[in-house]
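> Supplied in structure tokens, the structure appears directly below.
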Amino acid sequence: MSKILITGACGQLGSELTTELRNIYGTENVVASDIREPIGDGPFEQLDVMDKARIEEVIEKYNITVIYHLAALLSANAEKNIDLAWRLNMDGLLNVLNIAREKNLERIFWPSSIAVFGPDAPKKDTPQNTATNPTTVYGITKVAGEQWCAYFYNKFGVDVRSLRYPGLIGYKSLPGGGTTDYAVDIYHKALAGEKFSCFLEADAALPMMYMSDAVKATIDLMQVPEEKVKVRTSYNVSAISFTPEEIAKSIKKQIPGFEIEYEPDYRQEIASSWPDSIDDSAARSDWGWKHEFDLDKMTADIFKNLPQIIEKAES
């Protein structure tokens, strides 16, 4: 049985991935870690991924064989703290990759992002292999990280796997400083009966994915045999693409009185450098990726479940 360590487990993706991995492999076989205090039950270690010795200590304590390395500073926050973003996103990854090589770990997962693409990449159906010239600090760290992952696989045989996530939307945790996080916050405001002020323009189309699909894609990739993983930088994955105006229309089908206004800020410039939609045919053909949620199905599911999450948080 694999023993799994998740870094950045208190984040938006980490919290839901931890729950699902524990459902599959058993609570005691999945160790959550974060620099923050723990959320929920199960094994937890407070961990700074820039501290290689501390990572090694946790690995030895639990006999870890697989790492999902999620700890990072996201796009909007990275622009506010360039030095920390580079150190956290790069040093943390290199620590994990070097430990995996030294200890011959079974498998590593590391998330990349559509932030690797810049304004010179095709905006529609951005292909798997195209220009990756990002204009953000976050994107720069992701391009560099993809190359490190490929290097460690080709040079040392470290089985590291990666996905280029689009914007991720979930209801179980609050936004974490990403440019696409408007599509999380908007549901909280709608449910509270508040007008939503959007920091992107009404027609700013971006690739998005419901968190359930993101968790599914991650686990699907990690469970397939090594020979099926043919992309060793990072796989494009896609589900749905929409604009703020389109998500507002979807919400109004559930809450007719919902109101939205547009006050674009510096995050609009970041969004403008990213694709409108993604071609993920390599993931679909290599290991059978298939998403489950479209925009209206996602909206309905969020409004079904979010009130219970808010009530639990307030109690």
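Within each chain, counting starts at residue 1; across the structure tokens, chains are named A, B, ... in the order shown, with ligands numbered 1 upward in that order.
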Please identify all polymer residues within 12 Å of Pro244 (chain A), counting only C-alpha atoms, omitting same-chain residues fewer than 5 positions from it, and present them as an MDAnalysis selection string.
chainID A and resid 180:187 196:208 249:251 259:264 268 271 295
> Generate the output file for the selected residues, N, CA and C atoms, as a CSV table (one decimal), in the first residue's frame.

```
chain,number,residue,atom,x,y,z
A,180,THR,N,-8.3,33.4,-11.4
A,180,THR,CA,-9.5,32.8,-11.7
A,180,THR,C,-10.5,32.6,-10.5
A,181,ASP,N,-10.0,33.1,-9.3
A,181,ASP,CA,-10.8,32.9,-8.1
A,181,ASP,C,-12.1,33.7,-8.0
A,182,TYR,N,-12.3,34.6,-9.0
A,182,TYR,CA,-13.6,35.3,-9.0
A,182,TYR,C,-14.7,34.3,-9.1
A,183,ALA,N,-14.4,33.2,-9.9
A,183,ALA,CA,-15.4,32.2,-10.2
A,183,ALA,C,-15.7,31.3,-9.0
A,184,VAL,N,-15.0,31.5,-7.9
A,184,VAL,CA,-15.3,30.8,-6.6
A,184,VAL,C,-16.1,31.8,-5.7
A,185,ASP,N,-15.6,33.0,-5.6
A,185,ASP,CA,-16.2,34.1,-4.8
A,185,ASP,C,-17.6,34.4,-5.2
A,186,ILE,N,-17.8,34.4,-6.5
A,186,ILE,CA,-19.1,34.8,-7.1
A,186,ILE,C,-20.3,34.0,-6.5
A,187,TYR,N,-20.0,32.7,-6.2
A,187,TYR,CA,-21.1,31.9,-5.7
A,187,TYR,C,-21.4,32.2,-4.2
A,196,PHE,N,-22.1,41.3,-6.8
A,196,PHE,CA,-20.7,40.8,-7.0
A,196,PHE,C,-20.0,41.8,-7.8
A,197,SER,N,-18.9,42.3,-7.3
A,197,SER,CA,-18.0,43.2,-8.1
A,197,SER,C,-16.9,42.3,-8.7
A,198,CYS,N,-16.8,42.2,-10.0
A,198,CYS,CA,-15.9,41.3,-10.7
A,198,CYS,C,-14.6,42.1,-11.1
A,199,PHE,N,-13.5,41.5,-10.8
A,199,PHE,CA,-12.2,42.2,-11.2
A,199,PHE,C,-11.8,41.9,-12.6
A,200,LEU,N,-12.6,41.1,-13.4
A,200,LEU,CA,-12.3,40.9,-14.8
A,200,LEU,C,-13.4,41.5,-15.6
A,201,GLU,N,-13.2,41.7,-16.9
A,201,GLU,CA,-14.2,42.3,-17.8
A,201,GLU,C,-15.2,41.2,-18.1
A,202,ALA,N,-16.4,41.7,-18.5
A,202,ALA,CA,-17.6,40.8,-18.7
A,202,ALA,C,-17.3,39.7,-19.7
A,203,ASP,N,-16.5,40.0,-20.7
A,203,ASP,CA,-16.2,39.0,-21.8
A,203,ASP,C,-14.9,38.3,-21.7
A,204,ALA,N,-14.3,38.3,-20.5
A,204,ALA,CA,-13.0,37.7,-20.3
A,204,ALA,C,-13.1,36.2,-20.2
A,205,ALA,N,-13.0,35.5,-21.3
A,205,ALA,CA,-13.2,34.0,-21.3
A,205,ALA,C,-11.9,33.4,-20.8
A,206,LEU,N,-12.1,32.4,-20.0
A,206,LEU,CA,-10.9,31.6,-19.4
A,206,LEU,C,-11.3,30.1,-19.3
A,207,PRO,N,-10.4,29.2,-19.5
A,207,PRO,CA,-10.6,27.8,-19.3
A,207,PRO,C,-10.8,27.6,-17.8
A,208,MET,N,-11.8,26.8,-17.4
A,208,MET,CA,-12.2,26.5,-16.0
A,208,MET,C,-12.4,25.0,-15.8
A,249,LYS,N,-25.0,34.6,-15.8
A,249,LYS,CA,-26.3,34.1,-16.4
A,249,LYS,C,-26.7,32.7,-15.8
A,250,SER,N,-25.7,31.9,-15.6
A,250,SER,CA,-25.9,30.5,-15.1
A,250,SER,C,-26.4,30.7,-13.6
A,251,ILE,N,-25.8,31.6,-12.9
A,251,ILE,CA,-26.3,31.8,-11.5
A,251,ILE,C,-27.7,32.3,-11.5
A,259,GLU,N,-27.0,40.1,-8.9
A,259,GLU,CA,-26.5,41.3,-9.7
A,259,GLU,C,-25.0,41.2,-9.7
A,260,ILE,N,-24.4,41.7,-10.9
A,260,ILE,CA,-23.0,41.7,-11.0
A,260,ILE,C,-22.6,43.0,-11.6
A,261,GLU,N,-21.4,43.6,-11.2
A,261,GLU,CA,-20.9,44.8,-11.8
A,261,GLU,C,-19.4,44.5,-12.1
A,262,TYR,N,-18.8,45.2,-13.0
A,262,TYR,CA,-17.5,45.0,-13.5
A,262,TYR,C,-16.5,46.1,-13.2
A,263,GLU,N,-15.5,45.8,-12.4
A,263,GLU,CA,-14.4,46.8,-12.1
A,263,GLU,C,-13.1,46.1,-12.3
A,264,PRO,N,-12.7,46.0,-13.6
A,264,PRO,CA,-11.4,45.3,-13.9
A,264,PRO,C,-10.2,46.0,-13.2
A,268,GLN,N,-7.0,41.6,-14.7
A,268,GLN,CA,-7.5,41.5,-16.0
A,268,GLN,C,-6.3,41.4,-17.0
A,271,ALA,N,-5.2,37.8,-16.9
A,271,ALA,CA,-6.2,36.9,-17.6
A,271,ALA,C,-6.1,37.1,-19.1
A,295,LEU,N,-21.0,24.0,-17.2
A,295,LEU,CA,-21.3,25.2,-16.4
A,295,LEU,C,-22.5,25.1,-15.5
```
> Please report, as CSV, each residue of region 121-148 of chain A lying at most 8 Å from region 213-235 of chain A, together with the nearest pair of atoms and the separation in Å rounded to one decimal; use only C-alpha atoms, and order rows by chain and ascending residue number.

```
residue,atom,partner,partner_atom,distance
A:Gln128,CA,A:Tyr235,CA,7.0
A:Glu146,CA,A:Thr233,CA,4.6
A:Gln147,CA,A:Thr233,CA,6.0
```
> Output C-alpha atoms of each residue in that selection to a file, as a short mmCIF file (atom, residue, chain, number, x, y, z; two decimals), in the first residue's frame.

```cif
data_model
loop_
_atom_site.label_atom_id
_atom_site.label_comp_id
_atom_site.auth_asym_id
_atom_site.auth_seq_id
_atom_site.Cartn_x
_atom_site.Cartn_y
_atom_site.Cartn_z
CA GLN A 128 -0.22 20.79 -25.91
CA GLU A 146 7.73 21.72 -15.98
CA GLN A 147 11.26 21.58 -17.33
#
```
> Excluding region 14-31 of chain A and any residue of its chain fewer than 5 positions from it, enumerate the residues within 9 Å of it, using only C-alpha atoms, and give them as a PDB file with C-alpha atoms, in the first residue's frame.

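Done, and the output landed in out_39.pdb:
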```
ATOM      1  CA  MET A   1       0.000   0.000   0.000  1.00  0.00           C
ATOM      2  CA  SER A   2       1.334   3.443  -0.975  1.00  0.00           C
ATOM      3  CA  LYS A   3       1.910   5.958   1.820  1.00  0.00           C
ATOM      4  CA  ILE A   4       1.049   9.406   0.554  1.00  0.00           C
ATOM      5  CA  LEU A   5       2.213  12.891   1.591  1.00  0.00           C
ATOM      6  CA  ILE A   6       0.317  15.968   0.391  1.00  0.00           C
ATOM      7  CA  THR A   7       1.998  19.368   0.689  1.00  0.00           C
ATOM      8  CA  GLY A   8      -0.204  22.453   0.614  1.00  0.00           C
ATOM      9  CA  ALA A   9      -3.053  20.279   1.840  1.00  0.00           C
ATOM     10  CA  ILE A  39      -8.133  21.284   8.935  1.00  0.00           C
ATOM     11  CA  ASP A  41      -9.080  14.784  11.009  1.00  0.00           C
ATOM     12  CA  GLY A  42      -6.304  12.426   9.985  1.00  0.00           C
ATOM     13  CA  PRO A  43      -2.491  12.545  10.106  1.00  0.00           C
ATOM     14  CA  PHE A  44      -1.144  16.075   9.728  1.00  0.00           C
ATOM     15  CA  GLU A  45       2.304  17.665   9.862  1.00  0.00           C
ATOM     16  CA  TYR A  62       5.498   7.866   7.885  1.00  0.00           C
ATOM     17  CA  ILE A  64       6.128   7.969   2.515  1.00  0.00           C
ATOM     18  CA  TYR A  68       1.450  15.215  -4.162  1.00  0.00           C
ATOM     19  CA  LEU A  70       0.795  21.285  -4.156  1.00  0.00           C
ATOM     20  CA  ALA A  71       2.396  24.005  -1.992  1.00  0.00           C
ATOM     21  CA  GLY A 170     -14.862  24.607  -5.667  1.00  0.00           C
ATOM     22  CA  LYS A 172     -15.317  23.699   0.185  1.00  0.00           C
ATOM     23  CA  SER A 173     -12.631  26.329   0.789  1.00  0.00           C
ATOM     24  CA  MET A 211     -12.956  20.887  -8.399  1.00  0.00           C
ATOM     25  CA  SER A 212     -14.497  17.411  -8.606  1.00  0.00           C
ATOM     26  CA  ALA A 214      -9.722  18.450 -11.073  1.00  0.00           C
ATOM     27  CA  VAL A 215      -9.438  15.866  -8.292  1.00  0.00           C
ATOM     28  CA  LYS A 216     -10.556  13.133 -10.690  1.00  0.00           C
ATOM     29  CA  THR A 218      -5.201  14.217 -10.734  1.00  0.00           C
ATOM     30  CA  ILE A 219      -5.946  10.776  -9.348  1.00  0.00           C
TER      31      ILE A 219
END
```
> Neighbours of Val137 (chain A) within 10 Å (only C-alpha atoms; same-chain residues fewer than 2 positions away dropped), as a PyMOL selection string?
chain A and resi 73-83+85-86+115-116+134-135+139-142
> Using the selection just defined, write its residues with N, CA and C atoms as a CSV table (one decimal), in the first residue's frame.

```csv
chain,number,residue,atom,x,y,z
A,73,LEU,N,2.8,29.6,-4.2
A,73,LEU,CA,2.1,30.9,-4.2
A,73,LEU,C,1.5,31.1,-5.5
A,74,LEU,N,0.1,31.4,-5.5
A,74,LEU,CA,-0.6,31.5,-6.8
A,74,LEU,C,-0.5,32.8,-7.5
A,75,SER,N,-1.1,32.9,-8.6
A,75,SER,CA,-0.8,34.0,-9.6
A,75,SER,C,-0.9,35.4,-9.1
A,76,ALA,N,-2.0,35.8,-8.6
A,76,ALA,CA,-2.2,37.2,-8.1
A,76,ALA,C,-1.3,37.5,-6.9
A,77,ASN,N,-1.2,36.6,-6.0
A,77,ASN,CA,-0.3,36.8,-4.8
A,77,ASN,C,1.1,36.8,-5.2
A,78,ALA,N,1.5,36.0,-6.2
A,78,ALA,CA,2.9,35.9,-6.6
A,78,ALA,C,3.3,37.3,-7.2
A,79,GLU,N,2.4,38.0,-7.9
A,79,GLU,CA,2.8,39.3,-8.5
A,79,GLU,C,3.1,40.3,-7.4
A,80,LYS,N,2.6,40.1,-6.2
A,80,LYS,CA,2.8,41.0,-5.1
A,80,LYS,C,4.1,40.7,-4.3
A,81,ASN,N,4.6,39.4,-4.5
A,81,ASN,CA,5.8,39.0,-3.7
A,81,ASN,C,6.6,38.1,-4.6
A,82,ILE,N,7.4,38.8,-5.5
A,82,ILE,CA,8.1,38.1,-6.5
A,82,ILE,C,9.2,37.1,-5.9
A,83,ASP,N,9.9,37.6,-5.0
A,83,ASP,CA,11.0,36.8,-4.4
A,83,ASP,C,10.5,35.6,-3.7
A,85,ALA,N,7.6,34.1,-4.2
A,85,ALA,CA,7.0,33.2,-5.2
A,85,ALA,C,8.1,32.3,-5.8
A,86,TRP,N,9.2,32.9,-6.2
A,86,TRP,CA,10.3,32.1,-6.9
A,86,TRP,C,10.8,31.1,-5.9
A,115,ALA,N,-1.1,29.2,-16.8
A,115,ALA,CA,-0.3,30.4,-16.7
A,115,ALA,C,1.1,30.2,-17.4
A,116,VAL,N,1.4,29.0,-17.8
A,116,VAL,CA,2.6,28.8,-18.6
A,116,VAL,C,2.5,29.5,-20.0
A,134,PRO,N,5.3,33.1,-20.6
A,134,PRO,CA,4.4,33.8,-19.7
A,134,PRO,C,4.8,35.2,-19.3
A,135,THR,N,3.9,36.0,-18.9
A,135,THR,CA,4.2,37.4,-18.5
A,135,THR,C,4.0,37.6,-17.0
A,139,GLY,N,3.6,32.2,-13.8
A,139,GLY,CA,3.8,31.4,-15.0
A,139,GLY,C,5.2,31.1,-15.3
A,140,ILE,N,6.1,32.0,-14.9
A,140,ILE,CA,7.6,31.7,-15.1
A,140,ILE,C,8.0,30.5,-14.2
A,141,THR,N,7.5,30.5,-13.0
A,141,THR,CA,7.8,29.4,-12.1
A,141,THR,C,7.2,28.0,-12.6
A,142,LYS,N,6.1,28.1,-13.3
A,142,LYS,CA,5.5,26.9,-13.8
A,142,LYS,C,6.2,26.4,-15.0
```
> Report as a PyMOL selection string all protein, DNA and RNA residues lying within 8 Å of Glu194 (chain A), evaluated on only C-alpha atoms, omitting residues in the same chain fewer than 4 positions from it.
chain A and resi 189-190+258-259
> Export, as a PDB file, in the first residue's frame, the selected residues with N, CA and C atoms.

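What landed in part.pdb:
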```pdb
ATOM      1  N   LYS A 189     -21.028  35.211  -2.881  1.00  0.00           N
ATOM      2  CA  LYS A 189     -21.753  36.488  -2.888  1.00  0.00           C
ATOM      3  C   LYS A 189     -23.201  36.288  -3.328  1.00  0.00           C
ATOM      4  N   ALA A 190     -23.401  35.468  -4.323  1.00  0.00           N
ATOM      5  CA  ALA A 190     -24.759  35.228  -4.819  1.00  0.00           C
ATOM      6  C   ALA A 190     -25.635  34.608  -3.743  1.00  0.00           C
ATOM      7  N   PHE A 258     -29.842  37.899  -8.720  1.00  0.00           N
ATOM      8  CA  PHE A 258     -28.391  38.122  -8.605  1.00  0.00           C
ATOM      9  C   PHE A 258     -27.939  39.276  -9.502  1.00  0.00           C
ATOM     10  N   GLU A 259     -27.038  40.125  -8.942  1.00  0.00           N
ATOM     11  CA  GLU A 259     -26.507  41.269  -9.689  1.00  0.00           C
ATOM     12  C   GLU A 259     -24.985  41.210  -9.735  1.00  0.00           C
TER      13      GLU A 259
END
```
> What are the DSSP strand (DSSP E) residues of region 55-209 of chain A, as JSON, numbers by chain?
{"A": [66, 67, 68, 69, 107, 108, 109, 110, 111, 112, 113, 160, 161, 162, 163, 164, 165, 167, 168, 169, 196, 197, 198, 206, 207, 208, 209]}
> Mind checking which residues fall within 7 Å of Arg107 (chain A), counting only C-alpha atoms, ignoring those fewer than 3 positions away in the same chain, and posting them as a ChimeraX atom specification?
/A:66-67,159-160
> Using only C-alpha atoms, which residue out of A:Val49, A:Ile302, A:Leu168, A:Ile35 lies closest to Ser241 (chain A)?
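When distances to Ser241 (chain A) are compared using only C-alpha atoms, the smallest one comes from A:Leu168.
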